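To keep things clear, I will list the structure first and then write my remarks on it.
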Number of protein chains: 2
Amino acid sequence: GAGADNDLYINQAIVFIEDAIQYRSINHRVDSRSLWLYRWYYSRTSQWILSLTITTILALAFIEKPSSLTITSDVRYRLPAWNPPCGLTESIELLCFLVFMVDVSVKSYLVGWEEFWKNKWLMAYILTLIVSLTDWIVSLSFFCTEDVRIRRILRPFFLLQNSSMMKKTLKSINSTLPEMASVVLLLAVHLSLFTMFAMLLFARTKDGQQDKEWVEYFRNLPDSLTSLLVLLTTANNPDVMIPAYSKNRAYSIFFILFTVLGNLFLMNLLTAIIYNQFRGYLLKSVQSSLFRRRLGIRAAFEVLSSLKETPANAEQSCVSVEALLQVLQKVEMDARCKQAIMRSLKMCSCDQLSAPQFQKLFEELDKDAIRQHPPSPEYQSHFMQKMQFAFGHPYFGYLGNVVALANIVSICVVLVMDADKQPSERDDFFLGAINCFFILYYLLEMLLKILAMGLRRYLSYPSNRFDGLLTVILLVLEIATFAVYGFPHPGWRPEFMGLLSLWDMVRLVNMLIVFRFLRIIPNMKFMALVVTTLLDLVKNLRAFAGILVVVFYAFAIAGIMLFEGAVVPMGNISMISLLFGHFQAEVIYCLLYFLSINLLCRWAKIYFVAWWLISSVIWVNLFVALLLENFIHKWDRRCHREPLSDIEYQRTVELMFRDVLEEPTEEELMEKLHQHPHLQLCR
Amino acid sequence: GAGADNDLYINQAIVFIEDAIQYRSINHRVDSRSLWLYRWYYSRTSQWILSLTITTILALAFIEKPSSLTITSDVRYRLPAWNPPCGLTESIELLCFLVFMVDVSVKSYLVGWEEFWKNKWLMAYILTLIVSLTDWIVSLSFFCTEDVRIRRILRPFFLLQNSSMMKKTLKSINSTLPEMASVVLLLAVHLSLFTMFAMLLFARTKDGQQDKEWVEYFRNLPDSLTSLLVLLTTANNPDVMIPAYSKNRAYSIFFILFTVLGNLFLMNLLTAIIYNQFRGYLLKSVQSSLFRRRLGIRAAFEVLSSLKETPANAEQSCVSVEALLQVLQKVEMDARCKQAIMRSLKMCSCDQLSAPQFQKLFEELDKDAIRQHPPSPEYQSHFMQKMQFAFGHPYFGYLGNVVALANIVSICVVLVMDADKQPSERDDFFLGAINCFFILYYLLEMLLKILAMGLRRYLSYPSNRFDGLLTVILLVLEIATFAVYGFPHPGWRPEFMGLLSLWDMVRLVNMLIVFRFLRIIPNMKFMALVVTTLLDLVKNLRAFAGILVVVFYAFAIAGIMLFEGAVVPMGNISMISLLFGHFQAEVIYCLLYFLSINLLCRWAKIYFVAWWLISSVIWVNLFVALLLENFIHKWDRRCHREPLSDIEYQRTVELMFRDVLEEPTEEELMEKLHQHPHLQLCR
């Protein structure tokens, strides 16, 4: 009937608007039951359960058998890790797999049969699940004694497929691969030609004294390749050239040439290429988000305009305000936005909305969330007004910074003086006394500021919240110290009592004071710019970090499987150090030393080179490209804006690019809508 | 008289056109005698003498007393360096100073009194000369036994002031300094806060077993600072965190946080800032060169239009073709350009040239030097034509590449097989035989190519010249080997004879063959792009490299003066390794070990940190910025051009940017001309 149809249209509009808010694709089934399923699937609870499942299955690695999660990494001291009984982790895994199966079925059902075949991610998801389940069955049938567990390497895939940002980033990386491969090939050619040169140059001589270079670094082809590869990361520079250099200075030309060509030119060329390929990446991704938002709104408009109650206006389709209000009440969205839209809807005198009017209403979504700080209290007393002026003035904040700096300097002085003293010689009186004084000042500062600004205004500034929280913690710690150890006096050096020794307490207080010193950042303009850029970057970087986590996880699991029994914690550390571009030959050899089997040795080398290439060379360069893009954009914008304003903007990537984004045209939107696999528009 | 005036005008026009060709400023004296002096000063001979003088005075460091120019750097083996008698280097220095005094006087005279006071470089030049001469006199009066020679640190200034490119680059760097200083300050804050954290975290404990971290890295403030500074360059990663990590895994969070913030964020931020500041640098510098060229041409036009013989045309000034021809004949310029201008001047039917026509004539200077390869010889015989087709075909070149690759592979195989053999066990027959075969093939290839292309066309390709030269050298070496050691036969292992042993000969031949393999580069499109970018970069980088040399020289001299008697060669190596961002703690400590005096120790630390900051952090980032700019520009352009053409362009920076350069307007040129301090234009 018409009523049922109307209900369907209203529900469709609700879902489309929610899609628009979340920048989701609208290409899903739109019948009543599917819509209910869709809203249930994207409800907070379901998504939370899914995230929890992914976290659980990834975290399993920490308690599964060849794990090394102990406090100390020292093999001599550490206790044997807890070994869960067979079936415990396996049953948790099965539960996770069940959730994933529900997830993949719902997803596949919602996109529809035709879309399913085009969606490679969904197919890969199903394949991964099948392989994992098979492996799980094999595992149980061997009573958990089998060696190879393929499903553990596959686990990060579940994290990957759940994030659309990560998938998008991966696609971008994929399109950059051919150019990257060219440079990596160039690097390989560079490396192999120089290796041949080195082997010819530093050949074995008849005089055993003279060929130190040959013995240490260029004994055979794998050794030479490794030496030069490590030199490419500058990790064994200058050690590798010292024997040759002490024989004849001219040999250093070879090493300098190699390093200049490889490290300065080719490695930076990689940065240039990746930056060049990624220059448009952020903009493109934000542009496509905008398109999704406009499309969702437009789809909502189209379904609402098909409502039967709408007067048949042949010229132009439009939507009744009443229907929209009905929809809005059921849409889940930010309360502030909803109120703003309702308000402008009520202010609008008309009864019907055209498509542009409808779009315009929802532009509220794109706006900056302007946060107005609550007003200061208005005091009647003249004295209080003066107090308010004095302690609400920026100079009072600057004074606080100066005091914090003085505190830091005093701690520093005490540290330098106490550096070489035995713990038993140390006198904690001085530090205790000055810290006590400073913490009292911080307390006073906080109270006066609250007096001047009122509690609500005080708390509305993030810097004040940071400040206040640390001050309260410091106060609690200080009171606890005094309660346990009494007031400081000369020779104040009590013995260990309670949970923490006095010395540990004092150290903790000092660390918190050093940390509190960071409050000066917003006062320095350039620092503030840098820090906000970095914070923005962290937001945009989640996808990149996620991919790094995925790769790290897969590599770590592969490493554990390959070198089981070898020094796994060393592996972790060397993976981290390799991430920072530091091919520490020592660590790798220290690892290889324990791997007595030669075959494993070679595998370990290939494994570490692969990890170095992926993490340090490619990922770090991607990071640099993103940072360059982000920072240059921000820097350019900074020049156009007034430097100081009381209004704080909550910037998102979408807002950062707002002035360069292109609005999609009516035709593009309608074309896309008509391509919708499940929605049949009337006209 | 009018004749003398006319001569003056002609001379002025000649100098202005030469200024335009060399992109020089035209703000110099323009009377007859000054013009003669100016042309003499900028003549090839004078400039060559000046360059020679600069090279000489810089090279003096290698033979002066605390020098270490010996073949080996090993203190045990090296002979005592030659010690020149007092007065020898000093008299060479005096000669150089005399040349510089002439240089500075001529330069000061030519720019004129008023300009002189504005020119800080000239004043600094004079100051440097005065200080150097005073120091020289002091030196002689002490009979060369004085310790401190300030003039040696000042020497690189003479190199700096002679290059306008370097001066311009230095100005750009100077304008970037405030932002760089901000980030360096941020780095310093980061470092000091983390140092305090580290000292509190890894404090001395009562249990001596537990504080390995404290003993090794965080004993006192300078130690902690050094440890973390070295960690910032990742040189002691992961060593520095292993003691703490083996105590408690959580400590690694501290190190990872420090490295991520410092190395990944702040260091790359520096790259971003420098790139952002330098983005327009190349374009701006090329734009100002273009302006100088246009201005010179316009100035020449203006002075020529004041010639008395020109009919008084009140409406528009113009220049007679005859006068221009007279000027052109005396101008020193590229013969090809001169001919082209003469030709178009003769083709032009008019008798008088207007300003735009005049400018247009000289646009020949901006054009690409298009090099047309000479034609192939035309053979009559049908057989020869077939031969020509076969051996002139690109496939023949590819075959040559395949053969070169086969040669490389065979050498590689022999190297791998012989890697562990004693020199006495080695049999050189196999390598000798295959090299002989391959070199014969290379000879044949060269001869056939010459047959097909004709000698002149063959030589007109750089890749052929490279190929041919190496083939000839290989042939000569091979013939020499056979002449001395006879033909190869099994067990061919002759003893040392003549200048080089057979083994050295074979090694040299092999190295040349590896080097010859580089001929494949132009055949791979991406490699060719990369290599041409790098070659372009090298051209644009001369100024940067010059500045690096200046700083390196000053630092090296300062190092020799500071740490005289200490291990100077180690200093050289550690400076080079620091340039590649590798703060090798070991080397510094190895240096410090020899410096027993504590004060010197601290100086050495500051010295190396300063060098690291300037060379690795700032210079390398500048380099990356330039590379990014250059490469991105080239990459964008590549997409617009057809990939292959027989015409080779000789690209200069000026030509690379031609499509984005703005032509200066008539008004700008005339305004600048009227500001000329010495030239009074009639109108």
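Chain labels run A, B, ... following the order of the structure tokens; each chain numbers its residues from 1, and ligands are numbered from 1 in the order shown.
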
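Every protein, DNA or RNA residue with an atom at most 12 Å from Lys360 of chain B, where only C-alpha atoms count and chain neighbours fewer than 3 positions away do not, is listed here: Arg294, Ile297, Arg298, Phe301, Ile341, Ser344, Leu345, Cys348, Leu353, Ser354, Ala355, Pro356, Gln357, Glu363, Glu364, Leu365, Asp366 and Lys367 of chain B.
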
Would you export the selected residues with C-alpha atoms as a short mmCIF file (atom, residue, chain, number, x, y, z; two decimals), in the first residue's frame, please?
```cif
data_model
loop_
_atom_site.label_atom_id
_atom_site.label_comp_id
_atom_site.auth_asym_id
_atom_site.auth_seq_id
_atom_site.Cartn_x
_atom_site.Cartn_y
_atom_site.Cartn_z
CA ARG B 294 66.70 41.17 -21.36
CA ILE B 297 69.99 43.60 -24.63
CA ARG B 298 67.72 46.54 -23.97
CA PHE B 301 69.58 48.91 -27.88
CA ILE B 341 71.83 36.31 -35.61
CA SER B 344 68.44 36.66 -39.66
CA LEU B 345 69.81 40.23 -39.69
CA CYS B 348 65.54 41.21 -42.58
CA LEU B 353 65.37 47.94 -36.08
CA SER B 354 62.80 48.81 -33.44
CA ALA B 355 63.23 47.66 -29.84
CA PRO B 356 61.00 44.54 -30.17
CA GLN B 357 62.78 43.55 -33.40
CA GLU B 363 66.15 35.40 -28.72
CA GLU B 364 68.45 33.04 -30.56
CA LEU B 365 70.47 33.04 -27.33
CA ASP B 366 67.61 31.40 -25.40
CA LYS B 367 67.06 28.67 -27.93
#
```

Discussion item. Which residues are near segment 122-133 of chain A? Cut-off 12 Å, only C-alpha atoms, ignore same chain within fewer than 2 positions. Put them as a VMD selection string.
Written reply: chain A and resid 57 90 to 91 93 to 113 115 to 120 135 to 140 149 to 162 167

Worksheet entry | Residue list (alpha helix (DSSP H), DSSP) for segment 215-447 of chain B, as a ChimeraX atom specification | /B:215-216,221-232,242-247,251-259,267-278,281-305,321-330,335-347,355-361,382-392,394-418,429-447

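Once Met166 of chain B and its same-chain neighbours fewer than 5 positions away are set aside, Leu160, Ala543, Phe544, Gly546 and Ile547 of chain B remain within 7 Å of it when counting only C-alpha atoms.
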
Resulting file, chosen residues, N, CA, C and O atoms, as a PDB file, in the first residue's frame:
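Below is the file selection35.pdb, written as the result:
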```pdb
ATOM      1  N   LEU B 160      84.038  31.531  -2.233  1.00  0.00           N
ATOM      2  CA  LEU B 160      82.634  31.909  -2.104  1.00  0.00           C
ATOM      3  C   LEU B 160      82.324  33.190  -2.863  1.00  0.00           C
ATOM      4  O   LEU B 160      81.351  33.265  -3.620  1.00  0.00           O
ATOM      5  N   ALA B 543      76.568  25.131  -7.144  1.00  0.00           N
ATOM      6  CA  ALA B 543      76.608  26.149  -6.098  1.00  0.00           C
ATOM      7  C   ALA B 543      76.499  25.514  -4.722  1.00  0.00           C
ATOM      8  O   ALA B 543      77.248  25.859  -3.801  1.00  0.00           O
ATOM      9  N   PHE B 544      75.573  24.527  -4.598  1.00  0.00           N
ATOM     10  CA  PHE B 544      75.410  23.847  -3.315  1.00  0.00           C
ATOM     11  C   PHE B 544      76.675  23.114  -2.923  1.00  0.00           C
ATOM     12  O   PHE B 544      77.118  23.198  -1.780  1.00  0.00           O
ATOM     13  N   GLY B 546      79.613  23.744  -3.893  1.00  0.00           N
ATOM     14  CA  GLY B 546      80.619  24.743  -3.550  1.00  0.00           C
ATOM     15  C   GLY B 546      80.491  25.170  -2.109  1.00  0.00           C
ATOM     16  O   GLY B 546      81.484  25.245  -1.371  1.00  0.00           O
ATOM     17  N   ILE B 547      79.243  25.409  -1.691  1.00  0.00           N
ATOM     18  CA  ILE B 547      79.039  25.840  -0.304  1.00  0.00           C
ATOM     19  C   ILE B 547      79.449  24.745   0.656  1.00  0.00           C
ATOM     20  O   ILE B 547      80.075  24.996   1.686  1.00  0.00           O
TER      21      ILE B 547
END
```

Worksheet item: Do you know which residues are at most 10 Å from Phe438 of chain B counting only C-alpha atoms, after dropping those on the same chain fewer than 2 positions away, and could you put them as a ChimeraX atom specification?
Response: /B:403-404,406-407,433-436,440-444,513

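Residues in contact with Asn268 of chain A at 9 Å, where only C-alpha atoms are counted and same-chain residues fewer than 4 positions away are skipped, are listed as Gly262, Asn263, Leu264, Ala272, Ile273 and Asn621 of chain A; Val624, Leu627 and Leu628 of chain B.
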
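Excluding Glu18 of chain B and any residue on its chain fewer than 6 positions from it, the residues at most 12 Å away by only C-alpha atoms are Asn11, Gln12, Arg24, Ser25, Ile26, Leu35, Tyr38, Arg39, Tyr42, Ser43, Arg292, Arg293, Arg294, Leu295, Gly296, Ile297, Ala299, Ala300, Val327, Leu328, Lys330, Val331, Glu332, Met333, Asp334, Lys338, Phe362 and Leu365 of chain B.
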
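Distances here use only C-alpha atoms; by that measure, the residue among B:Gln422, B:Ser381, B:Gln372, B:Thr45 closest to chain A is B:Gln422.
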
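Distances from A:Ile618, A:Leu469, A:Leu451, A:Leu232 to Glu179 of chain A were compared using only C-alpha atoms, and the smallest one belongs to A:Ile618.
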
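With only C-alpha atoms as the basis for measurement, A:Arg204 is the residue among A:His373, A:Arg204, A:Lys171, A:Arg44 that approaches chain B most closely.
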